[in-house]
Every structure is written in C-alpha cells, then in structure tokens.
>>> print(open('structure.tsv').read())   # TSV, C-alpha atoms and all ligand atoms
chain	number	residue	atom	x	y	z
X	1	MET	CA	-11.24	-13.50	8.14
X	2	GLU	CA	-10.01	-15.11	11.31
X	3	LEU	CA	-9.76	-13.04	14.44
X	4	ARG	CA	-6.09	-13.87	14.94
X	5	ALA	CA	-5.27	-12.13	11.69
X	6	MET	CA	-7.01	-8.98	12.88
X	7	GLU	CA	-5.37	-8.91	16.30
X	8	PRO	CA	-1.93	-10.40	15.97
X	9	GLN	CA	-0.13	-11.13	19.20
X	10	PRO	CA	3.48	-9.97	18.89
X	11	ALA	CA	4.84	-12.45	21.46
X	12	ASP	CA	3.24	-15.25	19.53
X	13	ASP	CA	4.79	-13.96	16.30
X	14	LEU	CA	8.23	-14.20	17.84
X	15	CYS	CA	7.52	-17.82	18.81
X	16	LEU	CA	6.53	-18.62	15.25
X	17	VAL	CA	9.65	-16.91	13.92
X	18	GLN	CA	11.85	-18.94	16.24
X	19	GLU	CA	10.07	-22.18	15.39
X	20	THR	CA	10.45	-21.38	11.70
X	21	LEU	CA	14.16	-20.80	12.16
X	22	ALA	CA	14.32	-24.14	13.95
X	23	GLY	CA	12.97	-25.73	10.78
X	24	HIS	CA	9.23	-25.95	11.32
X	25	GLN	CA	7.48	-25.32	8.03
X	26	ALA	CA	4.05	-25.33	9.68
X	27	SER	CA	5.04	-22.38	11.86
X	28	PHE	CA	6.01	-20.33	8.86
X	29	GLN	CA	2.74	-21.29	7.22
X	30	LEU	CA	0.93	-19.92	10.28
X	31	LEU	CA	2.82	-16.64	9.99
X	32	VAL	CA	1.87	-16.37	6.33
X	33	GLU	CA	-1.77	-17.15	7.12
X	34	ARG	CA	-1.80	-14.51	9.80
X	35	TYR	CA	-0.63	-11.67	7.55
X	36	GLN	CA	-1.58	-12.73	4.04
X	37	SER	CA	-4.84	-10.73	3.95
X	38	ARG	CA	-3.11	-7.51	4.90
X	39	MET	CA	-0.36	-8.16	2.37
X	40	PHE	CA	-2.91	-8.75	-0.39
X	41	ALA	CA	-4.67	-5.53	0.63
X	42	LEU	CA	-1.37	-3.68	0.44
X	43	ALA	CA	-0.37	-5.05	-2.97
X	44	ARG	CA	-3.76	-4.29	-4.47
X	45	HIS	CA	-3.09	-0.57	-4.01
X	46	TYR	CA	-0.35	-0.86	-6.59
X	47	THR	CA	-1.86	-3.19	-9.15
X	48	LYS	CA	-5.30	-4.41	-10.05
X	49	ASN	CA	-3.95	-7.54	-11.70
X	50	PRO	CA	-4.73	-10.52	-9.40
X	51	VAL	CA	-1.82	-12.52	-10.80
X	52	GLU	CA	0.60	-9.69	-10.04
X	53	ILE	CA	-0.89	-9.17	-6.58
X	54	GLU	CA	-0.35	-12.81	-5.68
X	55	ASP	CA	3.15	-12.89	-7.17
X	56	LEU	CA	4.16	-9.79	-5.20
X	57	VAL	CA	2.82	-11.08	-1.89
X	58	GLN	CA	4.47	-14.44	-2.41
X	59	GLU	CA	7.73	-12.73	-3.25
X	60	ALA	CA	7.51	-10.63	-0.10
X	61	PHE	CA	6.99	-13.68	2.10
X	62	LEU	CA	9.84	-15.58	0.41
X	63	LYS	CA	12.14	-12.61	0.94
X	64	ALA	CA	11.04	-12.36	4.55
X	65	PHE	CA	11.83	-16.05	4.99
X	66	THR	CA	15.37	-15.72	3.68
X	67	ARG	CA	15.98	-12.81	6.07
X	68	LEU	CA	14.12	-14.21	9.04
X	69	ASP	CA	17.31	-14.53	11.07
X	70	THR	CA	17.76	-10.76	10.83
X	71	PHE	CA	14.37	-10.07	12.38
X	72	GLN	CA	14.95	-8.29	15.67
X	73	HIS	CA	12.08	-8.04	18.02
X	74	GLN	CA	12.49	-4.27	18.23
X	75	SER	CA	9.74	-3.70	15.71
X	76	SER	CA	6.61	-5.80	15.38
X	77	PHE	CA	6.75	-8.62	12.88
X	78	TYR	CA	4.10	-6.87	10.81
X	79	THR	CA	6.13	-3.65	10.58
X	80	TRP	CA	9.18	-5.64	9.55
X	81	LEU	CA	7.21	-7.64	6.99
X	82	TYR	CA	5.50	-4.50	5.76
X	83	ARG	CA	8.84	-2.91	4.93
X	84	ILE	CA	9.98	-5.95	3.02
X	85	ALA	CA	6.69	-6.05	1.13
X	86	THR	CA	6.77	-2.36	0.30
X	87	ASN	CA	10.34	-2.59	-0.93
X	88	THR	CA	9.45	-5.64	-3.00
X	89	ILE	CA	6.62	-3.69	-4.60
X	90	LEU	CA	8.76	-0.60	-5.15
X	91	ASP	CA	11.52	-2.67	-6.78
X	92	TRP	CA	8.95	-4.24	-9.02
X	93	MET	CA	7.51	-0.84	-9.97
X	94	LYS	CA	10.98	0.46	-10.73
X	95	ARG	CA	11.75	-2.50	-12.94
X	96	ARG	CA	8.43	-2.11	-14.67
X	97	GLY	CA	9.77	1.33	-15.54
X	98	ARG	CA	6.84	3.51	-14.73
X	99	SER	CA	8.55	5.76	-12.19
X	100	PRO	CA	9.41	9.16	-13.60
X	101	VAL	CA	11.23	10.00	-10.38
X	102	THR	CA	13.40	12.82	-11.64
X	103	SER	CA	11.04	14.56	-13.99
X	104	VAL	CA	8.23	15.36	-11.60
X	105	GLU	CA	10.05	16.35	-8.49
X	106	ASP	CA	11.71	19.51	-7.37
X	107	PRO	CA	11.69	19.44	-3.58
X	108	GLU	CA	12.64	23.09	-3.26
X	109	VAL	CA	9.71	24.62	-5.04
X	110	LEU	CA	6.18	23.98	-3.87
X	111	PRO	CA	3.28	24.89	-6.11
X	112	GLU	CA	0.97	27.72	-5.10
X	113	PRO	CA	-2.17	26.50	-3.37
X	114	SER	CA	-4.97	26.19	-5.86
X	115	LYS	CA	-7.84	28.63	-5.71
X	116	VAL	CA	-10.35	25.92	-6.43
X	117	LYS	CA	-11.18	23.86	-3.35
X	118	VAL	CA	-12.27	20.27	-3.38
X	119	ALA	CA	-15.47	19.06	-1.75
X	120	ALA	CA	-15.61	16.08	0.56
X	121	PRO	CA	-17.44	13.16	-1.04
X	122	ASP	CA	-21.18	13.60	-0.91
X	123	ALA	CA	-22.81	11.90	2.09
X	124	GLN	CA	-25.46	10.56	-0.29
X	125	MET	CA	-22.88	8.75	-2.43
X	126	GLU	CA	-22.31	5.02	-2.06
X	127	ARG	CA	-19.03	4.18	-0.36
X	128	ALA	CA	-18.18	1.81	-3.17
X	129	GLU	CA	-18.68	4.62	-5.69
X	130	ILE	CA	-16.38	6.92	-3.71
X	131	ALA	CA	-13.77	4.16	-3.52
X	132	LYS	CA	-14.04	3.58	-7.26
X	133	ILE	CA	-13.45	7.25	-8.05
X	134	THR	CA	-10.57	7.49	-5.57
X	135	HIS	CA	-8.78	4.47	-7.03
X	136	ALA	CA	-9.41	5.62	-10.59
X	137	VAL	CA	-7.78	8.96	-9.78
X	138	LEU	CA	-4.85	7.23	-8.04
X	139	GLU	CA	-4.22	5.17	-11.14
X	140	HIS	CA	-3.66	8.35	-13.11
X	141	LEU	CA	-0.82	9.48	-10.84
X	142	PRO	CA	2.88	8.75	-11.36
X	143	ASP	CA	4.10	5.83	-9.24
X	144	ILE	CA	6.08	7.95	-6.78
X	145	PHE	CA	2.99	9.97	-5.93
X	146	ARG	CA	0.79	6.91	-5.65
X	147	GLN	CA	3.34	5.32	-3.28
X	148	VAL	CA	3.33	8.14	-0.73
X	149	LEU	CA	-0.44	8.50	-0.89
X	150	VAL	CA	-0.95	4.79	-0.28
X	151	MET	CA	1.52	4.83	2.60
X	152	ARG	CA	0.08	7.94	4.21
X	153	GLU	CA	-3.64	7.80	3.42
X	154	PHE	CA	-4.32	4.08	3.37
X	155	GLU	CA	-1.60	2.65	5.59
X	156	GLU	CA	-1.47	5.75	7.84
X	157	MET	CA	2.29	5.52	8.13
X	158	ALA	CA	4.25	8.21	9.96
X	159	TYR	CA	6.48	10.45	7.82
X	160	GLN	CA	9.56	8.88	9.41
X	161	ASP	CA	8.45	5.37	8.45
X	162	ILE	CA	7.73	6.48	4.89
X	163	ALA	CA	11.16	8.11	4.77
X	164	ASP	CA	12.81	4.90	6.02
X	165	VAL	CA	11.03	2.65	3.54
X	166	LEU	CA	11.69	4.94	0.58
X	167	GLY	CA	15.19	5.90	1.67
X	168	ILE	CA	14.49	9.63	1.47
X	169	SER	CA	14.50	12.49	3.98
X	170	ILE	CA	11.46	13.59	5.95
X	171	GLY	CA	11.58	16.89	4.08
X	172	THR	CA	11.30	15.02	0.79
X	173	VAL	CA	8.40	12.99	2.18
X	174	GLU	CA	6.64	16.26	3.06
X	175	SER	CA	7.15	17.86	-0.32
X	176	ARG	CA	6.37	14.70	-2.24
X	177	LEU	CA	3.19	14.20	-0.25
X	178	PHE	CA	2.25	17.81	-0.84
X	179	ARG	CA	2.70	17.39	-4.58
X	180	ALA	CA	0.95	14.06	-4.60
X	181	ARG	CA	-2.10	15.55	-2.92
X	182	ALA	CA	-2.10	18.52	-5.25
X	183	LYS	CA	-1.89	16.17	-8.24
X	184	PHE	CA	-4.61	13.95	-6.84
X	185	LYS	CA	-6.88	16.95	-6.37
X	186	GLU	CA	-6.10	18.29	-9.83
X	187	LYS	CA	-6.89	14.94	-11.42
X	188	LEU	CA	-10.02	14.44	-9.35
X	189	LEU	CA	-11.37	17.83	-10.39
X	190	GLN	CA	-10.37	17.22	-13.97
X	191	LEU	CA	-12.27	13.91	-14.09
X	192	HIS	CA	-15.10	15.12	-11.84
X	193	PRO	CA	-15.46	18.92	-11.98
X	194	GLU	CA	-18.68	18.62	-10.01
X	195	PHE	CA	-16.58	18.14	-6.82
X	196	GLY	CA	-14.94	21.56	-7.13
X	197	GLN	CA	-15.86	24.44	-4.86
X	198	ASP	CA	-14.96	28.01	-5.74
X	199	GLU	CA	-13.61	29.98	-2.87
T	1	MET	CA	3.33	32.54	14.27
T	2	ASN	CA	1.82	35.61	12.71
T	3	THR	CA	1.92	35.26	8.98
T	4	CYS	CA	0.12	33.01	6.57
T	5	GLN	CA	3.47	32.41	4.92
T	6	ASP	CA	4.67	30.69	8.08
T	7	ALA	CA	1.43	28.87	8.65
T	8	ARG	CA	0.59	27.45	5.21
T	9	PRO	CA	3.49	25.00	4.79
T	10	MET	CA	2.77	23.51	8.21
T	11	ILE	CA	-0.89	22.75	7.63
T	12	PRO	CA	-0.40	19.35	5.96
T	13	SER	CA	1.97	18.13	8.68
T	14	TYR	CA	-0.44	19.45	11.30
T	15	LEU	CA	-3.38	17.54	9.83
T	16	ASP	CA	-1.22	14.43	9.48
T	17	GLY	CA	-0.44	14.58	13.20
T	18	GLU	CA	3.25	15.14	12.53
T	19	LEU	CA	3.75	18.33	14.58
T	20	SER	CA	4.82	18.47	18.19
T	21	GLU	CA	2.46	20.27	20.53
T	22	ALA	CA	4.94	23.17	20.67
T	23	GLN	CA	4.67	23.51	16.89
T	24	ALA	CA	0.94	22.82	16.70
T	25	ALA	CA	-0.24	25.29	19.33
T	26	PRO	CA	0.72	28.51	17.49
T	27	LEU	CA	-0.61	27.11	14.23
T	28	ARG	CA	-3.92	26.25	15.85
T	29	LYS	CA	-4.11	29.81	17.15
T	30	HIS	CA	-3.42	31.17	13.67
T	31	LEU	CA	-6.09	28.95	12.15
T	32	LEU	CA	-8.64	30.31	14.62
T	33	GLU	CA	-7.85	33.84	13.52
T	34	CYS	CA	-7.27	33.38	9.79
T	35	GLN	CA	-10.10	32.40	7.48
T	36	PRO	CA	-8.00	31.79	4.31
T	37	CYS	CA	-5.68	29.39	6.14
T	38	ARG	CA	-8.71	27.70	7.64
T	39	ALA	CA	-10.08	27.24	4.13
T	40	THR	CA	-6.78	25.65	3.07
T	41	ALA	CA	-6.94	23.26	6.01
T	42	GLN	CA	-10.56	22.42	5.24
T	43	ASP	CA	-9.61	21.74	1.63
T	44	GLN	CA	-7.07	19.16	2.71
T	45	LYS	CA	-9.49	17.60	5.17
T	46	ASN	CA	-12.04	17.27	2.39
T	47	LEU	CA	-9.43	15.61	0.21
T	48	ALA	CA	-8.45	13.22	3.02
T	49	ARG	CA	-12.09	12.24	3.32
T	50	TRP	CA	-11.96	10.62	-0.12
T	51	PHE	CA	-9.22	8.29	1.06
T	52	GLN	CA	-10.88	7.59	4.40
T	53	VAL	CA	-14.12	6.53	2.76
T	54	ALA	CA	-12.31	4.58	0.06
T	55	LYS	CA	-10.37	2.78	2.74
T	56	THR	CA	-13.44	1.67	4.67
T	57	ALA	CA	-15.17	0.61	1.46
T	58	GLU	CA	-12.44	-1.87	0.54
T	59	ALA	CA	-13.62	-5.43	0.59
T	60	PRO	CA	-10.86	-7.84	1.58
T	61	LEU	CA	-9.31	-9.64	-1.37
T	62	PRO	CA	-9.92	-13.38	-1.33
T	63	VAL	CA	-6.62	-15.14	-0.69
T	64	PRO	CA	-6.32	-18.50	-2.51
T	65	ARG	CA	-7.07	-21.25	-0.03
T	66	ASP	CA	-3.72	-22.98	-0.28
T	67	PHE	CA	-1.64	-19.81	-0.53
T	68	ALA	CA	0.12	-20.03	2.85
T	69	ALA	CA	0.85	-23.73	2.46
T	70	ARG	CA	2.28	-23.15	-0.98
T	71	VAL	CA	4.46	-20.23	0.11
T	72	ALA	CA	5.75	-22.12	3.16
T	73	ARG	CA	6.56	-25.15	1.00
T	74	ARG	CA	8.43	-23.01	-1.51
T	75	ALA	CA	10.33	-21.22	1.23
T	76	PHE	CA	11.52	-24.49	2.71
T	77	GLN	CA	12.46	-25.75	-0.76
T	78	GLY	CA	14.86	-22.83	-0.99
T	79	ASP	CA	12.81	-20.76	-3.44
T	80	ARG	CA	13.89	-17.15	-3.08
T	81	GLY	CA	11.27	-15.77	-5.40
T	82	ALA	CA	11.10	-15.42	-9.15
T	83	LEU	CA	10.98	-11.63	-9.13
T	84	GLY	CA	14.42	-11.35	-7.52
T	85	THR	CA	16.17	-8.01	-7.83
T	86	GLU	CA	19.25	-9.77	-9.23
T	87	LEU	CA	17.47	-9.83	-12.56
T	88	ALA	CA	16.68	-6.14	-12.58
T	89	PRO	CA	18.12	-4.25	-15.54
T	90	ALA	CA	21.26	-2.64	-14.14
T	91	PRO	CA	22.55	0.81	-15.11
T	92	ALA	CA	25.01	0.83	-18.00
T	93	ARG	CA	28.36	-0.65	-17.10
T	94	THR	CA	31.60	-0.98	-18.99
T	95	GLY	CA	34.10	-3.58	-20.14
T	96	ALA	CA	35.02	-6.48	-17.92
T	97	GLU	CA	32.51	-5.53	-15.26
T	98	SER	CA	29.71	-5.71	-17.81
T	99	ARG	CA	30.87	-9.08	-19.21
T	100	HIS	CA	31.16	-10.49	-15.74
T	101	LEU	CA	27.70	-9.22	-14.84
T	102	ARG	CA	26.21	-10.73	-18.00
T	103	LEU	CA	27.67	-14.08	-17.09
T	104	VAL	CA	26.28	-13.85	-13.57
T	105	LEU	CA	22.87	-12.84	-14.89
T	106	THR	CA	22.88	-15.69	-17.36
T	107	LEU	CA	23.77	-18.17	-14.68
T	108	THR	CA	21.16	-16.70	-12.36
T	109	ALA	CA	18.52	-16.89	-15.05
T	110	ALA	CA	19.45	-20.49	-15.81
T	111	ALA	CA	19.24	-21.37	-12.14
T	112	ALA	CA	15.90	-19.63	-11.85
T	113	ALA	CA	14.59	-21.57	-14.82
T	114	VAL	CA	15.65	-24.85	-13.26
T	115	VAL	CA	13.99	-23.92	-9.97
T	116	LEU	CA	10.83	-22.93	-11.84
T	117	ILE	CA	10.68	-26.15	-13.82
T	118	VAL	CA	11.33	-28.26	-10.74
T	119	SER	CA	8.80	-26.39	-8.65
T	120	MET	CA	6.16	-26.63	-11.35
T	121	ALA	CA	6.78	-30.34	-11.63
T	122	ILE	CA	6.54	-30.72	-7.87
T	123	ARG	CA	3.34	-28.74	-7.79
T	124	GLN	CA	1.78	-30.83	-10.47
T	125	MET	CA	2.59	-33.92	-8.50
T	126	THR	CA	1.35	-32.67	-5.16
T	127	LEU	CA	-1.59	-30.40	-5.88
T	128	PRO	CA	-5.13	-31.36	-6.71
T	129	ASN	CA	-6.14	-29.78	-9.99
T	130	GLY	CA	-8.72	-27.13	-10.67
T	131	GLN	CA	-10.13	-26.57	-7.20
T	132	ASP	CA	-8.09	-23.58	-6.19
T	133	LEU	CA	-7.52	-20.12	-7.59
T	134	ARG	CA	-3.86	-20.52	-8.41
T	135	ALA	CA	-2.73	-17.29	-9.94
T	136	ASP	CA	0.92	-18.25	-10.19
T	137	ASP	CA	0.34	-20.46	-13.18
T	138	LYS	CA	0.06	-17.70	-15.71
T	139	LYS	CA	-0.04	-20.05	-18.66
T	140	GLU	CA	-2.99	-22.04	-17.42
T	141	ALA	CA	-5.09	-19.20	-16.04
T	142	VAL	CA	-8.48	-20.74	-16.67
T	143	VAL	CA	-10.30	-19.31	-13.66
T	144	PRO	CA	-11.79	-15.88	-14.37
T	145	LEU	CA	-10.33	-14.45	-11.18
T	146	PRO	CA	-11.41	-10.82	-11.76
T	147	GLU	CA	-15.03	-11.91	-12.02
T	148	ALA	CA	-14.67	-14.01	-8.89
T	149	ILE	CA	-13.21	-11.02	-7.04
T	150	GLN	CA	-15.92	-8.71	-8.28
T	151	GLU	CA	-18.58	-11.15	-7.18
T	152	LEU	CA	-16.96	-11.43	-3.74
T	153	ASP	CA	-16.65	-7.66	-3.57
T	154	ARG	CA	-20.35	-7.38	-4.27
T	155	LEU	CA	-21.23	-9.95	-1.60
T	156	ASN	CA	-18.93	-8.31	0.91
T	157	ALA	CA	-20.28	-4.86	0.12
T	158	ARG	CA	-23.83	-6.08	0.68
T	159	GLU	CA	-22.85	-7.64	4.00
T	160	ARG	CA	-20.99	-4.57	5.11
T	161	ASP	CA	-23.80	-2.26	4.08
T	162	ALA	CA	-26.21	-4.24	6.22
T	163	ALA	CA	-23.81	-4.27	9.16
T	164	GLY	CA	-22.83	-0.64	8.65
T	165	LYS	CA	-26.36	0.82	8.78
T	166	LEU	CA	-26.27	1.20	12.55
T	167	GLU	CA	-22.76	2.57	12.61
T	168	GLU	CA	-23.61	5.02	9.85
T	169	GLN	CA	-26.58	6.37	11.77
T	170	LYS	CA	-24.37	6.93	14.77
T	171	GLY	CA	-21.66	8.57	12.73
T	172	ALA	CA	-23.91	10.55	10.39
T	173	ALA	CA	-22.97	13.89	11.93
T	174	GLN	CA	-19.30	13.32	11.05
T	175	ILE	CA	-19.79	12.57	7.40
T	176	GLY	CA	-20.39	16.13	6.28
T	177	ALA	CA	-17.61	17.63	8.35
T	178	PRO	CA	-14.56	15.37	8.31
T	179	ALA	CA	-13.03	14.85	11.71
T	180	GLU	CA	-9.33	15.18	12.27
T	181	ARG	CA	-7.66	11.84	12.41
T	182	ARG	CA	-5.01	12.88	14.85
T	183	PRO	CA	-5.89	16.18	16.42
A	1	ZN	ZN	-3.30	32.60	7.51
>>> encode(input="structure.tsv", output="structure tokens")
Amino acid sequence: MELRAMEPQPADDLCLVQETLAGHQASFQLLVERYQSRMFALARHYTKNPVEIEDLVQEAFLKAFTRLDTFQHQSSFYTWLYRIATNTILDWMKRRGRSPVTSVEDPEVLPEPSKVKVAAPDAQMERAEIAKITHAVLEHLPDIFRQVLVMREFEEMAYQDIADVLGISIGTVESRLFRARAKFKEKLLQLHPEFGQDE
Amino acid sequence: MNTCQDARPMIPSYLDGELSEAQAAPLRKHLLECQPCRATAQDQKNLARWFQVAKTAEAPLPVPRDFAARVARRAFQGDRGALGTELAPAPARTGAESRHLRLVLTLTAAAAAVVLIVSMAIRQMTLPNGQDLRADDKKEAVVPLPEAIQELDRLNARERDAAGKLEEQKGAAQIGAPAERRP
C-alpha cells in the first residue's frame, strides 16, 4: 500500500476535489486510489462476497462524484466519503431485506447483565484464528447489530458520528450498541463455550 | 454516584471514551470501590479485545489494479451507479401515485440497462482481457477471486507475523490485560 493512502493530506484532497470539479478525470482517479483500500476494508465487514464488495465501493465513489460539489471542507474528505459509503452499504443491506429493525429493538428496556463473563482471547491463540472467530460470530448477528459493532469496534467512530450516519439518537446508539455487544457475547459463548468464565 | 444502579449503565460509554471528565470521575471512583461493577467493566474490556485483535489481524484486501481508473472513467461518463436507491422496492402506495411510480421505475430501469450495455461495450473495446481481477463482470467471473484473496491473506499474514514479532514482545504484557483505548 502506498504511503499517501495511509497518511492522506487534507489540503491535497481539497485540491483534487477542485480539480475534479473543473473536469480533470485524473484527479478523481487519484482520490479513488487514495481511499480505495480503506473503502474495500470497510465493505468487507458487511459482505464476504468479493463481487459485492467491489460493487459497493464503486457505487460509493460514483455517488461521491455526483455530490462532489456539496463537499464542504468542514469535515475531512475521508469522513465525508465514509458517510456516503456507509449509507450506500446500509441502503444495500435494507434492500437485501435482512434487517429486522423493529423486531429486535426496544430501546427502553435493557437486558440484565449476564452472569457468565467472557474471557479475552487467549494470548497463545493466533491472531488470524481470533479474527476468524470474531467475524464468524458477527455474521450470526442481525444487520443492525453488526452495523453498530463495525462502526464502533472496527472503525472506532464516536457515538455522535454513528448517530448521524444511521439517523438515530445517541440514546438509541447506546442501547443498540449495548444489545449488539450482549448478542455478540451470547453468540460467541454459544459457539465457543470454552471462552466463558463463571463469576 | 453511590449505587451500582447508577453506575452500570454508564460503564459502556465510559469504556468507549464517551463520558466527559465530570461524568467519568465519579464512575471511576465507584469502580475502585465496587468489585461487581469492576467485573462488569472487565467483561466488556475482554469482549472489546476480540475486536481489537481481529482488527489488527485483517490483511488488506487486494484492490483490482485498474479499479480507480475504471471508476473515474465511469464517473466522467455520467454513470451514477447500478445499485441506485431509485430502484429500491418502495413501501406500498396507492392509485395514481403507484402507477406514476411504476412508470418512473420502468423508465429508470430501461435507462440503467442502456447505460449498462453501453458501458460494457465500451469496456470491451478499451480494456485488455483476462489480466485483471474484474469483479464487476458477474457473468464472466472466471478468476477464482476468493482463492486469490485467501492466498494473499496467507502471504500478508506471514509477512505481518514476521514483522510483528518484535512489537509483540514489547506489547506482551498488555495482551493478557486489555488496556483501555481511551481512558
Ligand atoms: Zn457497583
């Protein structure tokens, strides 16, 4: 991966945006090159299918292009692009019809904390093995839970940013995240009881 | 903050770095004094550790070599994307509104088909065949992309493992007891 992709320079991004708006295809290509790896990494959290991953990332960039004139330099280009990409993915998930939004959520009532505690992954375990288990558990969760976990745990987004992207309140982010973690833990212990710790 | 009832709901936000110092200070004090709440916090930290490790273990996905060029070309050709939300199944509508919508959808679909056909034709004219992993041509998916990705993942993992040995020795003390990301 090129260094420029790892350490994007915001001022430079703005230049490329302006050049793109002035009709320079090569400048837009540079913008895509700069962020494509991170966009692929993002999309892969939602689907394992390489064709779908590529379609989603392409879609996100095309959407970004059509809205480029609305990009204000208040946020970084990556943040702006990230929101478009996340919304593209969420739309796609909705259309795919795997989001039981209403059935699993009751923001008012939080479940009692479980008596069984979860262990941190064993220091002896291979990282790849831990990653495999984590992703396998994530795949068992309803889409709305997977979304918040990806945004919080992998993308390390602030609650406010998650709320903005999903169009929900911070309180709903909190409760959804709480449920998502509880579900993740439940599923992890169900698939791998050996990681449970009795209090 | 004196009761566990007050403290418990704030633990996740605290560990996520979402509390102000004014909110965090009394909670921290409670955690020092209360073993059960400490156990709850530790439970969440242990859970977070799964994601942290999984995150660092992710090998970057190989992006097709001509991806950016292709996307930029499409963008400048006026392609707004084939997955457009205009084609999403809308909630049930009635009467004239529904008929009108169906017409719009039909026209949109027809337009999309034309764009697709034209863009495929253009691509066939301008792209060399076979060399690249082009995942957008679903019908002619001849490259076993998953295998290629797995192979790359393996190579990357090996590279990272070699590079990570040193770092792991330095950070060994932190692996058993997960550190707070944003204290
Ligand atoms: Zn307590």
>>> residues_near_ligand(input="structure.tsv", ligand="ligand ZN 1 (chain A)", cutoff="12 Å", atoms="only C-alpha atoms and all ligand atoms", output="VMD selection string")
chain T and resid 1 to 11 26 to 41
>>> interface_residues(input="structure.tsv", of="chain X", to="chain T", cutoff="7 Å", atoms="all atoms listed in the file", output="PyMOL selection string")
chain X and resi 25+28-29+32-33+37+40-41+51+54-55+58-59+62-63+65+95+117-121+123+127-128+130-131+134+153-154
>>> atom_distance(input="structure.tsv", atom1="atom CA of Val150 of chain X", atom2="atom CA of His45 of chain X")
6.9 Å
>>> atom_distance(input="structure.tsv", atom1="atom CA of Ala136 of chain X", atom2="atom CA of Gln197 of chain X")
20.7 Å
>>> atom_distance(input="structure.tsv", atom1="atom CA of His140 of chain X", atom2="atom CA of Leu188 of chain X")
9.6 Å
>>> closest_residue(input="structure.tsv", among="X:Gln147, X:Gln36, X:Gln160, X:Ser169", to="Ile89 of chain X", atoms="only C-alpha atoms")
X:Gln147
>>> closest_residue(input="structure.tsv", among="X:Tyr159, X:Phe145, X:Phe77, X:Phe195", to="Val173 of chain X", atoms="all atoms listed in the file")
X:Tyr159
>>> residues_near_point(input="structure.tsv", point="(0.3, -1.4, 8.6)", cutoff="12 Å", atoms="all atoms listed in the file", output="list in words")
Met6, Pro8, Tyr35, Ser37, Arg38, Met39, Ala41, Leu42, Ser76, Phe77, Tyr78, Thr79, Trp80, Leu81, Tyr82, Arg83, Ala85, Thr86, Val150, Met151, Arg152, Glu153, Phe154, Glu155, Glu156, Met157, Ala158, Asp161 and Ile162 of chain X
>>> decode(input="structure.tsv", residues="segment 154-194 of chain X", atoms="C-alpha atoms", output="compact mmCIF listing (two decimals), in the first residue's frame")
# COMPACT_ATOMS: atom_id res chain seq x y z
CA PHE X 154 -13.59 -1.57 13.88
CA GLU X 155 -13.99 2.00 12.68
CA GLU X 156 -13.83 3.47 16.21
CA MET X 157 -16.49 6.03 15.39
CA ALA X 158 -17.84 8.34 18.09
CA TYR X 159 -21.45 7.77 19.17
CA GLN X 160 -22.43 11.09 17.59
CA ASP X 161 -20.99 10.07 14.21
CA ILE X 162 -22.76 6.72 14.36
CA ALA X 163 -25.99 8.54 15.23
CA ASP X 164 -25.54 10.91 12.27
CA VAL X 165 -24.83 8.15 9.77
CA LEU X 166 -27.71 5.97 10.95
CA GLY X 167 -30.09 8.86 11.52
CA ILE X 168 -30.86 7.82 15.09
CA SER X 169 -30.40 9.45 18.51
CA ILE X 170 -27.32 8.99 20.67
CA GLY X 171 -29.51 7.21 23.21
CA THR X 172 -30.52 4.69 20.55
CA VAL X 173 -26.87 4.24 19.58
CA GLU X 174 -26.08 3.46 23.22
CA SER X 175 -28.85 0.94 23.66
CA ARG X 176 -28.30 -0.66 20.29
CA LEU X 177 -24.61 -1.00 20.97
CA PHE X 178 -25.37 -2.47 24.37
CA ARG X 179 -27.65 -5.05 22.82
CA ALA X 180 -25.25 -5.75 20.00
CA ARG X 181 -22.45 -6.48 22.44
CA ALA X 182 -24.70 -8.66 24.56
CA LYS X 183 -25.76 -10.58 21.46
CA PHE X 184 -22.19 -10.90 20.27
CA LYS X 185 -21.14 -12.28 23.64
CA GLU X 186 -24.09 -14.66 23.76
CA LYS X 187 -23.30 -15.99 20.29
CA LEU X 188 -19.58 -16.23 21.00
CA LEU X 189 -20.21 -18.28 24.13
CA GLN X 190 -22.77 -20.39 22.34
CA LEU X 191 -20.32 -21.25 19.55
CA HIS X 192 -17.29 -21.38 21.85
CA PRO X 193 -18.30 -22.16 25.45
CA GLU X 194 -14.64 -22.56 26.33
